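This is run-v4.pdb. It holds PDB, C-alpha atoms (C1' of nucleotides).
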ATOM      1  CA  MET A 501       0.000   0.000   0.000
ATOM      2  CA  PRO A 502       1.738   3.078  -1.299
ATOM      3  CA  VAL A 503       1.813   6.179   0.795
ATOM      4  CA  ASN A 504      -0.729   7.841  -1.395
ATOM      5  CA  ASP A 505      -2.928   4.876  -1.989
ATOM      6  CA  PRO A 506      -6.143   6.149  -3.553
ATOM      7  CA  LEU A 507      -8.109   3.554  -1.619
ATOM      8  CA  THR A 508      -6.735   4.592   1.714
ATOM      9  CA  SER A 509      -7.112   8.238   0.851
ATOM     10  CA  ASP A 510     -10.736   7.812  -0.066
ATOM     11  CA  ALA A 511     -11.414   5.738   3.025
ATOM     12  CA  ALA A 512      -9.861   8.534   5.082
ATOM     13  CA  ARG A 513     -12.001  11.091   3.274
ATOM     14  CA  ILE A 514     -15.083   9.085   4.148
ATOM     15  CA  ALA A 515     -14.053   8.876   7.783
ATOM     16  CA  ARG A 516     -13.336  12.578   7.857
ATOM     17  CA  ALA A 517     -16.800  13.375   6.544
ATOM     18  CA  ILE A 518     -18.363  11.198   9.205
ATOM     19  CA  SER A 519     -16.146  12.470  11.987
ATOM     20  CA  HIS A 520     -18.449  15.111  13.400
ATOM     21  CA  PRO A 521     -21.194  14.467  15.938
ATOM     22  CA  VAL A 522     -23.787  16.363  13.945
ATOM     23  CA  ARG A 523     -22.962  14.577  10.722
ATOM     24  CA  LEU A 524     -22.949  11.225  12.445
ATOM     25  CA  GLN A 525     -26.394  11.947  13.826
ATOM     26  CA  ILE A 526     -27.562  13.110  10.432
ATOM     27  CA  LEU A 527     -26.516   9.817   8.860
ATOM     28  CA  ASP A 528     -28.214   8.000  11.678
ATOM     29  CA  GLU A 529     -31.433   9.878  10.983
ATOM     30  CA  LEU A 530     -31.252   8.950   7.326
ATOM     31  CA  ARG A 531     -31.578   5.280   8.159
ATOM     32  CA  ASP A 532     -35.006   4.404   6.838
ATOM     33  CA  GLY A 533     -35.599   6.103   3.556
ATOM     34  CA  GLY A 534     -33.753   9.315   4.339
ATOM     35  CA  ALA A 535     -35.026  12.512   5.872
ATOM     36  CA  TYR A 536     -36.009  16.039   4.977
ATOM     37  CA  VAL A 537     -33.805  18.939   5.922
ATOM     38  CA  MET A 538     -36.452  20.433   8.153
ATOM     39  CA  HIS A 539     -36.717  17.150   9.938
ATOM     40  CA  LEU A 540     -32.993  17.027  10.574
ATOM     41  CA  THR A 541     -33.078  20.599  11.761
ATOM     42  CA  SER A 542     -35.701  19.896  14.372
ATOM     43  CA  ALA A 543     -34.483  16.409  15.202
ATOM     44  CA  LEU A 544     -30.974  17.609  15.957
ATOM     45  CA  GLY A 545     -32.006  20.971  17.346
ATOM     46  CA  ARG A 546     -29.495  22.952  15.347
ATOM     47  CA  PRO A 547     -29.860  26.049  13.157
ATOM     48  CA  GLN A 548     -30.940  25.287   9.615
ATOM     49  CA  ALA A 549     -27.845  26.854   8.077
ATOM     50  CA  ASN A 550     -25.613  24.661  10.148
ATOM     51  CA  ILE A 551     -27.466  21.516   9.154
ATOM     52  CA  SER A 552     -27.202  22.593   5.548
ATOM     53  CA  GLN A 553     -23.478  23.139   5.919
ATOM     54  CA  HIS A 554     -22.980  19.690   7.312
ATOM     55  CA  LEU A 555     -25.139  18.212   4.584
ATOM     56  CA  MET A 556     -22.849  19.860   2.069
ATOM     57  CA  VAL A 557     -19.858  18.131   3.600
ATOM     58  CA  LEU A 558     -21.628  14.787   3.400
ATOM     59  CA  ARG A 559     -22.676  15.510  -0.169
ATOM     60  CA  GLU A 560     -19.183  16.434  -1.281
ATOM     61  CA  ALA A 561     -17.863  13.240   0.254
ATOM     62  CA  GLY A 562     -20.468  11.348  -1.739
ATOM     63  CA  LEU A 563     -22.101   9.859   1.324
ATOM     64  CA  VAL A 564     -25.558  11.298   0.703
ATOM     65  CA  ARG A 565     -27.591  12.569  -2.180
ATOM     66  CA  ALA A 566     -30.308  15.183  -2.225
ATOM     67  CA  SER A 567     -33.529  15.203  -4.199
ATOM     68  CA  ARG A 568     -35.828  18.153  -4.241
ATOM     69  CA  GLU A 569     -39.521  17.506  -3.667
ATOM     70  CA  GLY A 570     -41.257  20.779  -4.176
ATOM     71  CA  MET A 571     -40.180  23.138  -1.490
ATOM     72  CA  THR A 572     -38.497  20.496   0.610
ATOM     73  CA  VAL A 573     -35.427  18.403  -0.037
ATOM     74  CA  LEU A 574     -35.043  14.770   0.814
ATOM     75  CA  TYR A 575     -31.608  13.535   1.741
ATOM     76  CA  GLN A 576     -30.720   9.895   1.440
ATOM     77  CA  VAL A 577     -27.667   7.832   2.097
ATOM     78  CA  SER A 578     -25.986   7.168  -1.237
ATOM     79  CA  ASP A 579     -25.070   3.605  -0.353
ATOM     80  CA  PRO A 580     -26.315   1.356   2.453
ATOM     81  CA  GLN A 581     -22.693   0.492   3.197
ATOM     82  CA  VAL A 582     -22.305   3.998   4.550
ATOM     83  CA  LEU A 583     -24.544   2.937   7.389
ATOM     84  CA  THR A 584     -22.414  -0.144   7.885
ATOM     85  CA  VAL A 585     -19.543   2.164   8.696
ATOM     86  CA  VAL A 586     -21.730   4.212  11.002
ATOM     87  CA  ASP A 587     -22.903   1.057  12.719
ATOM     88  CA  ALA A 588     -19.356  -0.147  13.233
ATOM     89  CA  LEU A 589     -18.444   3.189  14.776
ATOM     90  CA  LEU A 590     -21.449   3.264  17.065
ATOM     91  CA  ALA A 591     -20.900  -0.338  18.093
ATOM     92  CA  LEU A 592     -17.331   0.365  19.080
ATOM     93  CA  ALA A 593     -18.306   3.526  20.918
ATOM     94  CA  GLU A 594     -21.026   1.635  22.750
ATOM     95  CA  LYS A 595     -18.604  -1.085  23.746
ATOM     96  CA  ARG A 596     -16.125   1.452  25.054
ATOM     97  CA  MET A 597     -18.827   3.196  26.992
ATOM     98  CA  ARG A 598     -19.882  -0.041  28.642
ATOM     99  CA  GLN A 599     -16.276  -0.716  29.534
ATOM    100  CA  ARG A 600     -15.869   2.706  31.086
ATOM    101  CA  GLU A 601     -19.083   2.244  33.014
ATOM    102  CA  ARG A 602     -17.856  -1.074  34.304
ATOM    103  CA  VAL A 603     -14.747   0.653  35.581
ATOM    104  CA  ALA A 604     -16.660   3.477  37.211
ATOM    105  CA  GLU A 605     -19.298   1.271  38.754
ATOM    106  CA  ALA A 606     -19.648   3.846  41.510
ATOM    107  CA  THR A 607     -23.384   3.280  41.835
ATOM    108  CA  LEU A 608     -24.470   5.990  39.437
ATOM    109  CA  GLU A 609     -28.079   5.843  38.341
ATOM    110  CA  PRO A 610     -28.643   3.132  35.749
ATOM    111  CA  GLY A 611     -29.403   5.741  33.092
ATOM    112  CA  ARG A 612     -31.406   5.183  29.969
ATOM    113  CA  GLY A 613     -30.366   2.144  28.019
ATOM    114  CA  GLY A 614     -31.748   2.719  24.555
ATOM    115  CA  ARG A 615     -31.276   5.565  22.122
ATOM    116  CA  ARG A 616     -33.601   8.508  22.265
ATOM    117  CA  ARG A 617     -35.196  10.140  19.298
ATOM    118  CA  HIS A 618     -36.150  13.678  18.326
ATOM    119  CA  ARG A 619     -36.422  16.807  20.365
ATOM    120  CA  GLY A 620     -38.829  19.212  18.659
ATOM    121  CA  LYS A 621     -42.080  18.942  16.747
ATOM    122  CA  CYS A 622     -41.360  18.419  13.060
ATOM    123  CA  ARG A 623     -43.638  19.245  10.157
ATOM    124  CA  CYS A 624     -41.681  17.626   7.343
ATOM    125  CA  PRO A 625     -43.668  15.600   4.796
ATOM    126  CA  ARG A 626     -42.991  12.459   6.712
ATOM    127  CA  CYS A 627     -43.616  13.583  10.278
ATOM    128  CA  ARG A 628     -46.704  15.643   9.500
ATOM    129  CA  GLN A 629     -48.772  12.790   8.096
ATOM    130  CA  GLN A 630     -49.742  11.102  11.350
TER     131      GLN A 630
ATOM    132  CA  MET B 845     -30.479  10.924  20.631
ATOM    133  CA  PRO B 846     -29.658  14.219  22.294
ATOM    134  CA  VAL B 847     -27.502  16.711  20.480
ATOM    135  CA  ASN B 848     -24.615  15.996  22.771
ATOM    136  CA  ASP B 849     -25.051  12.286  22.982
ATOM    137  CA  PRO B 850     -21.882  10.874  24.527
ATOM    138  CA  LEU B 851     -22.154   7.843  22.286
ATOM    139  CA  THR B 852     -22.336   9.845  19.105
ATOM    140  CA  SER B 853     -19.606  12.146  20.287
ATOM    141  CA  ASP B 854     -17.284   9.277  21.021
ATOM    142  CA  ALA B 855     -18.088   7.607  17.726
ATOM    143  CA  ALA B 856     -17.231  10.883  16.000
ATOM    144  CA  ARG B 857     -13.998  11.094  17.955
ATOM    145  CA  ILE B 858     -13.087   7.628  16.774
ATOM    146  CA  ALA B 859     -13.858   8.525  13.189
ATOM    147  CA  ARG B 860     -11.818  11.690  13.490
ATOM    148  CA  ALA B 861      -8.819   9.760  14.743
ATOM    149  CA  ILE B 862      -9.084   7.354  11.831
ATOM    150  CA  SER B 863      -9.733  10.057   9.255
ATOM    151  CA  HIS B 864      -6.200  10.514   8.013
ATOM    152  CA  PRO B 865      -4.533   8.426   5.320
ATOM    153  CA  VAL B 866      -1.418   7.842   7.389
ATOM    154  CA  ARG B 867      -3.358   6.820  10.468
ATOM    155  CA  LEU B 868      -5.598   4.557   8.447
ATOM    156  CA  GLN B 869      -2.527   2.857   7.015
ATOM    157  CA  ILE B 870      -1.012   2.597  10.451
ATOM    158  CA  LEU B 871      -4.070   0.784  11.736
ATOM    159  CA  ASP B 872      -3.979  -1.448   8.708
ATOM    160  CA  GLU B 873      -0.364  -2.336   9.452
ATOM    161  CA  LEU B 874      -1.272  -3.222  13.018
ATOM    162  CA  ARG B 875      -3.503  -6.025  11.857
ATOM    163  CA  ASP B 876      -1.648  -9.114  12.936
ATOM    164  CA  GLY B 877      -0.160  -8.581  16.337
ATOM    165  CA  GLY B 878       0.715  -4.938  15.947
ATOM    166  CA  ALA B 879       3.879  -3.345  14.677
ATOM    167  CA  TYR B 880       6.964  -1.532  15.856
ATOM    168  CA  VAL B 881       7.376   2.158  15.264
ATOM    169  CA  MET B 882      10.394   1.650  13.094
ATOM    170  CA  HIS B 883       8.434  -0.763  10.996
ATOM    171  CA  LEU B 884       5.645   1.747  10.490
ATOM    172  CA  THR B 885       8.188   4.397   9.636
ATOM    173  CA  SER B 886       9.725   2.348   6.880
ATOM    174  CA  ALA B 887       6.492   0.717   5.753
ATOM    175  CA  LEU B 888       4.763   4.044   5.252
ATOM    176  CA  GLY B 889       7.862   5.918   4.167
ATOM    177  CA  ARG B 890       7.302   8.894   6.409
ATOM    178  CA  PRO B 891       9.579  10.689   8.865
ATOM    179  CA  GLN B 892       9.701   9.083  12.278
ATOM    180  CA  ALA B 893       8.481  12.180  14.066
ATOM    181  CA  ASN B 894       5.411  12.302  11.900
ATOM    182  CA  ILE B 895       4.600   8.659  12.529
ATOM    183  CA  SER B 896       5.007   9.287  16.226
ATOM    184  CA  GLN B 897       2.661  12.236  16.067
ATOM    185  CA  HIS B 898      -0.001  10.187  14.350
ATOM    186  CA  LEU B 899       0.486   7.406  16.841
ATOM    187  CA  MET B 900      -0.158   9.917  19.588
ATOM    188  CA  VAL B 901      -3.465  10.851  18.003
ATOM    189  CA  LEU B 902      -4.454   7.209  17.826
ATOM    190  CA  ARG B 903      -3.332   6.674  21.394
ATOM    191  CA  GLU B 904      -5.300   9.630  22.731
ATOM    192  CA  ALA B 905      -8.372   8.358  20.955
ATOM    193  CA  GLY B 906      -7.839   5.022  22.653
ATOM    194  CA  LEU B 907      -7.546   3.114  19.410
ATOM    195  CA  VAL B 908      -4.083   1.751  20.038
ATOM    196  CA  ARG B 909      -1.836   1.011  22.957
ATOM    197  CA  ALA B 910       1.937   1.043  23.149
ATOM    198  CA  SER B 911       4.219  -1.326  25.000
ATOM    199  CA  ARG B 912       7.905  -0.764  25.241
ATOM    200  CA  GLU B 913      10.193  -3.680  24.476
ATOM    201  CA  GLY B 914      13.669  -2.532  25.208
ATOM    202  CA  MET B 915      14.620   0.142  22.779
ATOM    203  CA  THR B 916      11.658  -0.410  20.537
ATOM    204  CA  VAL B 917       7.946   0.102  21.084
ATOM    205  CA  LEU B 918       5.229  -2.205  19.918
ATOM    206  CA  TYR B 919       1.906  -0.662  19.013
ATOM    207  CA  GLN B 920      -1.235  -2.722  18.976
ATOM    208  CA  VAL B 921      -4.845  -2.078  18.230
ATOM    209  CA  SER B 922      -6.651  -1.728  21.544
ATOM    210  CA  ASP B 923      -9.725  -3.596  20.372
ATOM    211  CA  PRO B 924     -10.243  -5.811  17.327
ATOM    212  CA  GLN B 925     -13.445  -3.888  16.647
ATOM    213  CA  VAL B 926     -11.282  -0.964  15.638
ATOM    214  CA  LEU B 927     -10.271  -3.003  12.627
ATOM    215  CA  THR B 928     -13.908  -3.730  11.928
ATOM    216  CA  VAL B 929     -14.399  -0.023  11.444
ATOM    217  CA  VAL B 930     -11.311   0.183   9.255
ATOM    218  CA  ASP B 931     -12.558  -2.746   7.201
ATOM    219  CA  ALA B 932     -15.950  -1.149   6.714
ATOM    220  CA  LEU B 933     -14.271   2.038   5.518
ATOM    221  CA  LEU B 934     -11.952   0.242   3.131
ATOM    222  CA  ALA B 935     -14.778  -1.894   1.805
ATOM    223  CA  LEU B 936     -16.865   1.155   1.019
ATOM    224  CA  ALA B 937     -13.926   2.936  -0.558
ATOM    225  CA  GLU B 938     -13.164  -0.113  -2.651
ATOM    226  CA  LYS B 939     -16.745  -0.336  -3.818
ATOM    227  CA  ARG B 940     -16.769   3.319  -4.784
ATOM    228  CA  MET B 941     -13.519   2.896  -6.652
ATOM    229  CA  ARG B 942     -14.893  -0.030  -8.616
ATOM    230  CA  GLN B 943     -17.958   2.032  -9.454
ATOM    231  CA  ARG B 944     -15.828   4.925 -10.678
ATOM    232  CA  GLU B 945     -13.723   2.547 -12.724
ATOM    233  CA  ARG B 946     -16.825   1.099 -14.299
ATOM    234  CA  VAL B 947     -17.807   4.596 -15.337
ATOM    235  CA  ALA B 948     -14.383   5.419 -16.721
ATOM    236  CA  GLU B 949     -13.892   2.129 -18.529
ATOM    237  CA  ALA B 950     -11.695   3.934 -21.039
ATOM    238  CA  THR B 951      -9.415   0.947 -21.552
ATOM    239  CA  LEU B 952      -6.862   1.880 -18.933
ATOM    240  CA  GLU B 953      -4.433  -0.855 -17.957
ATOM    241  CA  PRO B 954      -5.991  -3.362 -15.575
ATOM    242  CA  GLY B 955      -3.733  -2.247 -12.750
ATOM    243  CA  ARG B 956      -2.711  -4.260  -9.763
ATOM    244  CA  GLY B 957      -5.606  -5.940  -8.042
ATOM    245  CA  GLY B 958      -4.307  -6.727  -4.592
ATOM    246  CA  ARG B 959      -2.825  -4.501  -1.949
ATOM    247  CA  ARG B 960       0.882  -3.946  -1.930
ATOM    248  CA  ARG B 961       3.053  -4.085   1.127
ATOM    249  CA  HIS B 962       6.066  -2.203   2.387
ATOM    250  CA  ARG B 963       8.458   0.089   0.614
ATOM    251  CA  GLY B 964      11.800   0.083   2.467
ATOM    252  CA  LYS B 965      13.879  -2.495   4.234
ATOM    253  CA  CYS B 966      12.830  -2.744   7.873
ATOM    254  CA  ARG B 967      14.941  -3.993  10.763
ATOM    255  CA  CYS B 968      12.293  -4.067  13.458
ATOM    256  CA  PRO B 969      12.243  -7.114  15.748
ATOM    257  CA  ARG B 970       9.687  -8.749  13.558
ATOM    258  CA  CYS B 971      11.078  -8.053  10.097
ATOM    259  CA  ARG B 972      14.677  -8.741  10.976
ATOM    260  CA  GLN B 973      14.215 -12.339  12.090
ATOM    261  CA  GLN B 974      13.959 -13.977   8.710
TER     262      GLN B 974
ATOM    263  C1'  DT C  90      30.567   7.576  30.895
ATOM    264  C1'  DA C  91      29.972   8.285  26.008
ATOM    265  C1'  DA C  92      28.107   7.007  21.816
ATOM    266  C1'  DC C  93      24.329   5.109  19.521
ATOM    267  C1'  DT C  94      19.566   3.633  18.479
ATOM    268  C1'  DT C  95      14.709   4.155  18.848
ATOM    269  C1'  DT C  96      10.844   6.819  20.039
ATOM    270  C1'  DA C  97       8.480  11.051  21.998
ATOM    271  C1'  DT C  98       7.714  15.878  22.463
ATOM    272  C1'  DT C  99       7.796  20.834  21.616
ATOM    273  C1'  DC C 100       7.508  24.803  18.715
ATOM    274  C1'  DC C 101       5.468  27.074  15.065
ATOM    275  C1'  DA C 102       3.436  28.439  10.747
ATOM    276  C1'  DA C 103       0.331  26.971   7.271
ATOM    277  C1'  DA C 104      -3.873  24.687   6.208
ATOM    278  C1'  DA C 105      -8.345  22.995   7.180
ATOM    279  C1'  DG C 106     -12.605  22.720   9.749
ATOM    280  C1'  DT C 107     -16.563  24.961  12.343
ATOM    281  C1'  DT C 108     -20.150  28.322  13.305
ATOM    282  C1'  DG C 109     -23.385  32.305  13.516
ATOM    283  C1'  DA C 110     -25.124  35.884  10.830
ATOM    284  C1'  DA C 111     -26.734  37.539   6.836
ATOM    285  C1'  DT C 112     -28.369  36.698   2.511
ATOM    286  C1'  DA C 113     -29.384  34.339  -1.749
ATOM    287  C1'  DC C 114     -32.078  30.897  -4.125
ATOM    288  C1'  DA C 115     -36.130  27.900  -5.185
ATOM    289  C1'  DT C 116     -40.824  26.808  -4.724
ATOM    290  C1'  DT C 117     -45.498  27.518  -3.514
ATOM    291  C1'  DA C 118     -49.405  30.453  -2.045
ATOM    292  C1'  DT C 119     -52.044  34.710  -2.167
TER     293       DT C 119
ATOM    294  C1'  DA D1442     -46.036  40.406  -8.188
ATOM    295  C1'  DT D1443     -45.571  39.856  -3.385
ATOM    296  C1'  DA D1444     -45.241  37.185   0.491
ATOM    297  C1'  DA D1445     -44.096  33.115   2.763
ATOM    298  C1'  DT D1446     -41.626  28.817   3.380
ATOM    299  C1'  DG D1447     -37.734  25.745   2.989
ATOM    300  C1'  DT D1448     -32.982  25.246   1.705
ATOM    301  C1'  DA D1449     -28.262  26.779   0.177
ATOM    302  C1'  DT D1450     -24.388  29.763   0.118
ATOM    303  C1'  DT D1451     -21.142  33.300   1.545
ATOM    304  C1'  DC D1452     -18.482  35.731   4.844
ATOM    305  C1'  DA D1453     -15.705  36.509   8.837
ATOM    306  C1'  DA D1454     -13.966  35.079  13.038
ATOM    307  C1'  DC D1455     -12.365  31.390  15.526
ATOM    308  C1'  DT D1456     -10.548  26.766  16.711
ATOM    309  C1'  DT D1457      -8.232  22.653  15.390
ATOM    310  C1'  DT D1458      -5.167  19.893  12.691
ATOM    311  C1'  DT D1459      -1.036  19.058  10.265
ATOM    312  C1'  DG D1460       3.932  18.455   9.453
ATOM    313  C1'  DG D1461       8.773  19.825   9.454
ATOM    314  C1'  DA D1462      12.592  20.904  12.340
ATOM    315  C1'  DA D1463      14.851  20.569  16.391
ATOM    316  C1'  DT D1464      15.419  18.348  20.469
ATOM    317  C1'  DA D1465      14.369  15.559  24.451
ATOM    318  C1'  DA D1466      13.903  11.101  26.516
ATOM    319  C1'  DA D1467      14.555   6.130  27.128
ATOM    320  C1'  DG D1468      17.242   2.204  26.446
ATOM    321  C1'  DT D1469      21.346  -0.261  24.815
ATOM    322  C1'  DT D1470      26.220  -1.033  23.807
ATOM    323  C1'  DA D1471      31.079  -0.185  24.129
TER     324       DA D1471
END
In structure tokens, what does this structure look like?
Amino acid sequence: MPVNDPLTSDAARIARAISHPVRLQILDELRDGGAYVMHLTSALGRPQANISQHLMVLREAGLVRASREGMTVLYQVSDPQVLTVVDALLALAEKRMRQRERVAEATLEPGRGGRRRHRGKCRCPRCRQQ
Amino acid sequence: MPVNDPLTSDAARIARAISHPVRLQILDELRDGGAYVMHLTSALGRPQANISQHLMVLREAGLVRASREGMTVLYQVSDPQVLTVVDALLALAEKRMRQRERVAEATLEPGRGGRRRHRGKCRCPRCRQQ
DNA sequence: TAACTTTATTCCAAAAGTTGAATACATTAT
DNA sequence: ATAATGTATTCAACTTTTGGAATAAAGTTA
């Protein structure tokens, strides 16, 4: 593997694009069928411009694609394997967290086990219809 | 998932640590049993100080651990799951590369298929003994 | 001890990433 | 056309990352 292996470089580019909490959460939200920008904005509780900026990073890395639907835009993961990477990252992080908890078993409250969802009311085409 | 989910944040930290071509190659070199710094230096063809700096990043992210053996230092992946992440990244990158090649099927030479190894002669405890 | 080998750290300047604010752009409704 | 809604881009400040050079530190050998 040469120093400037195109494979390694691209893999690093992918990792770099993923390597931000907001972008990681965005990808996570895109799991089933993608999500609308307004949904991401309310789900992550961040300013719309910021979400859009992060979406641009993901777009330029080729991890997501956008498709306009009238006034709204649907973002989808460009390849399911992207989520495989995300899953591997989350699995490792989860494992590490469990290990750290085991170390600091200083009788802290059990804490929520699962993963929470959403934070604000969303009116995107998908959330509205129900 | 809250905006500052510790899980997501840690997963992003992991991705960030991996998101550099040199560090990705380092992790790849650590596959079977780890590697010595001098080996990494010659295998990746980069100045020793730079390799050491990248190793520090990986160490601080908790992805590798170092163990001194006399004058040399052996680095090992701290958890096999780290390589699972690396594999997922490389697999996705490889897939994307194949797709791009399919698009640009302009009769370029087939090119090497496998992954090459090394570049300089290494005298680390592992390479020397044979 | 001195010389040598291997690895780690510090310093620093250049490059890249991040964010809020403002604004532009696209689409639909009035 | 104007207004309203949803999304994208630009700009400026700020923080972080990166890598070369020099040097320190740890361990070995003579």
For chain C, which residue out of B:Thr928, B:Thr916, B:Gln943, B:Gln869 is the nearest one, using all atoms listed in the file?
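Smallest separation from chain C among the options: B:Thr916.
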Best match for closeness to Ala859 (chain B) among A:Ala606, A:Ile551, A:Ala588, A:Ala561, counting all atoms listed in the file:
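Under the stated criterion, the closest residue is A:Ala588.
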Could you list the residues in chain A lying within 9 Å of chain B, using all atoms listed in the file, and format the result as number ranges by chain?
A: 501-525, 543-546, 579, 581-582, 584-594, 596-597, 615-619
Using all atoms listed in the file, can you list as a PyMOL selection string the residues within 9 Å of (-10.0, 29.7, 14.4)?
(chain C and resi 106-107) or (chain D and resi 1454-1457)
Next, the residues of the selection above should be written as a short mmCIF file (atom, residue, chain, number, x, y, z; two decimals), in the frame of the given file with C-alpha atoms (C1' of nucleotides).
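Below is the file out-v8.cif, written as the result:
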data_model
loop_
_atom_site.label_atom_id
_atom_site.label_comp_id
_atom_site.auth_asym_id
_atom_site.auth_seq_id
_atom_site.Cartn_x
_atom_site.Cartn_y
_atom_site.Cartn_z
"C1'" DG C 106 -12.60 22.72 9.75
"C1'" DT C 107 -16.56 24.96 12.34
"C1'" DA D 1454 -13.97 35.08 13.04
"C1'" DC D 1455 -12.36 31.39 15.53
"C1'" DT D 1456 -10.55 26.77 16.71
"C1'" DT D 1457 -8.23 22.65 15.39
#
Residues of chain A that approach chain D to 8 Å or less, counting only C-alpha atoms (C1' of nucleotides): could you list each one with the shortest pair of atoms and its distance in Å to one decimal, rows by chain and increasing residue number, as CSV?
residue,atom,partner,partner_atom,distance
A:Val537,CA,D:DT1448,C1',7.6
A:Met538,CA,D:DG1447,C1',7.5
A:Ala549,CA,D:DA1449,C1',7.9
A:Ser552,CA,D:DA1449,C1',6.9
A:Met571,CA,D:DG1447,C1',5.7
A:Thr572,CA,D:DG1447,C1',5.8
A:Val573,CA,D:DT1448,C1',7.5
Expressed in Å to a single decimal, how great is the separation between C1' of DT95 (chain C) and CA of Gln920 (chain B)?
17.4 Å
Kindly provide the residues of chain C that approach chain B to within 9 Å, each paired with its closest atom pair and their distance in Å to one decimal, based on all atoms listed in the file, listed by chain and increasing number, as CSV.
residue,atom,partner,partner_atom,distance
C:DT94,C1',B:Met915,CA,7.4
C:DT95,C1',B:Met915,CA,5.6
C:DT96,C1',B:Thr916,CA,7.3
C:DA97,C1',B:Ser896,CA,7.0
C:DT98,C1',B:Gln897,CA,8.9
Let me have the centre and edge lengths in Å, one decimal, of the box along x, y and z around every listed atom of region 97-101 of chain C with 4 Å of margin on each side, as JSON.
{"center_x": 7.0, "center_y": 19.1, "center_z": 18.8, "size_x": 11.0, "size_y": 24.0, "size_z": 15.4}
What's the separation between CA of Leu540 (chain A) and C1' of DG109 (chain C), in Å to one decimal place?
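According to the coordinates, CA of Leu540 (chain A) and C1' of DG109 (chain C) are separated by 18.3 Å.
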Provide the CA of Ile526 (chain A) to CA of Val564 (chain A) distance in Å, to one decimal place.
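A separation of 10.1 Å between them.
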Missing atoms in region 563-567 of chain A should be modelled up to all heavy atoms and reported as a PDB file, in the frame of the given file.
ATOM      1  N   LEU A 563     -21.447  10.776   0.390  1.00  0.00           N
ATOM      2  CA  LEU A 563     -22.101   9.859   1.324  1.00  0.00           C
ATOM      3  C   LEU A 563     -23.623   9.973   1.268  1.00  0.00           C
ATOM      4  O   LEU A 563     -24.317   9.055   1.666  1.00  0.00           O
ATOM      5  CB  LEU A 563     -21.614  10.121   2.755  1.00  0.00           C
ATOM      6  CG  LEU A 563     -20.115   9.943   2.967  1.00  0.00           C
ATOM      7  CD1 LEU A 563     -19.774  10.063   4.436  1.00  0.00           C
ATOM      8  CD2 LEU A 563     -19.672   8.596   2.429  1.00  0.00           C
ATOM      9  N   VAL A 564     -24.108  11.113   0.816  1.00  0.00           N
ATOM     10  CA  VAL A 564     -25.558  11.298   0.703  1.00  0.00           C
ATOM     11  C   VAL A 564     -25.878  11.958  -0.633  1.00  0.00           C
ATOM     12  O   VAL A 564     -24.994  12.514  -1.285  1.00  0.00           O
ATOM     13  CB  VAL A 564     -26.097  12.191   1.845  1.00  0.00           C
ATOM     14  CG1 VAL A 564     -25.721  11.633   3.197  1.00  0.00           C
ATOM     15  CG2 VAL A 564     -25.594  13.620   1.688  1.00  0.00           C
ATOM     16  N   ARG A 565     -27.148  11.837  -1.003  1.00  0.00           N
ATOM     17  CA  ARG A 565     -27.591  12.569  -2.180  1.00  0.00           C
ATOM     18  C   ARG A 565     -28.902  13.261  -1.838  1.00  0.00           C
ATOM     19  O   ARG A 565     -29.686  12.793  -1.000  1.00  0.00           O
ATOM     20  CB  ARG A 565     -27.738  11.650  -3.379  1.00  0.00           C
ATOM     21  CG  ARG A 565     -28.696  10.506  -3.206  1.00  0.00           C
ATOM     22  CD  ARG A 565     -28.832   9.739  -4.522  1.00  0.00           C
ATOM     23  NE  ARG A 565     -29.076   8.311  -4.381  1.00  0.00           N
ATOM     24  CZ  ARG A 565     -30.008   7.725  -3.653  1.00  0.00           C
ATOM     25  NH1 ARG A 565     -30.832   8.457  -2.942  1.00  0.00           N
ATOM     26  NH2 ARG A 565     -30.137   6.418  -3.600  1.00  0.00           N
ATOM     27  N   ALA A 566     -29.123  14.377  -2.504  1.00  0.00           N
ATOM     28  CA  ALA A 566     -30.308  15.183  -2.225  1.00  0.00           C
ATOM     29  C   ALA A 566     -31.251  15.119  -3.413  1.00  0.00           C
ATOM     30  O   ALA A 566     -30.819  15.047  -4.547  1.00  0.00           O
ATOM     31  CB  ALA A 566     -29.897  16.620  -1.963  1.00  0.00           C
ATOM     32  N   SER A 567     -32.551  15.141  -3.113  1.00  0.00           N
ATOM     33  CA  SER A 567     -33.529  15.203  -4.199  1.00  0.00           C
ATOM     34  C   SER A 567     -34.646  16.141  -3.767  1.00  0.00           C
ATOM     35  O   SER A 567     -35.233  15.970  -2.701  1.00  0.00           O
ATOM     36  CB  SER A 567     -34.065  13.811  -4.508  1.00  0.00           C
ATOM     37  OG  SER A 567     -34.497  13.175  -3.327  1.00  0.00           O
TER      38      SER A 567
END
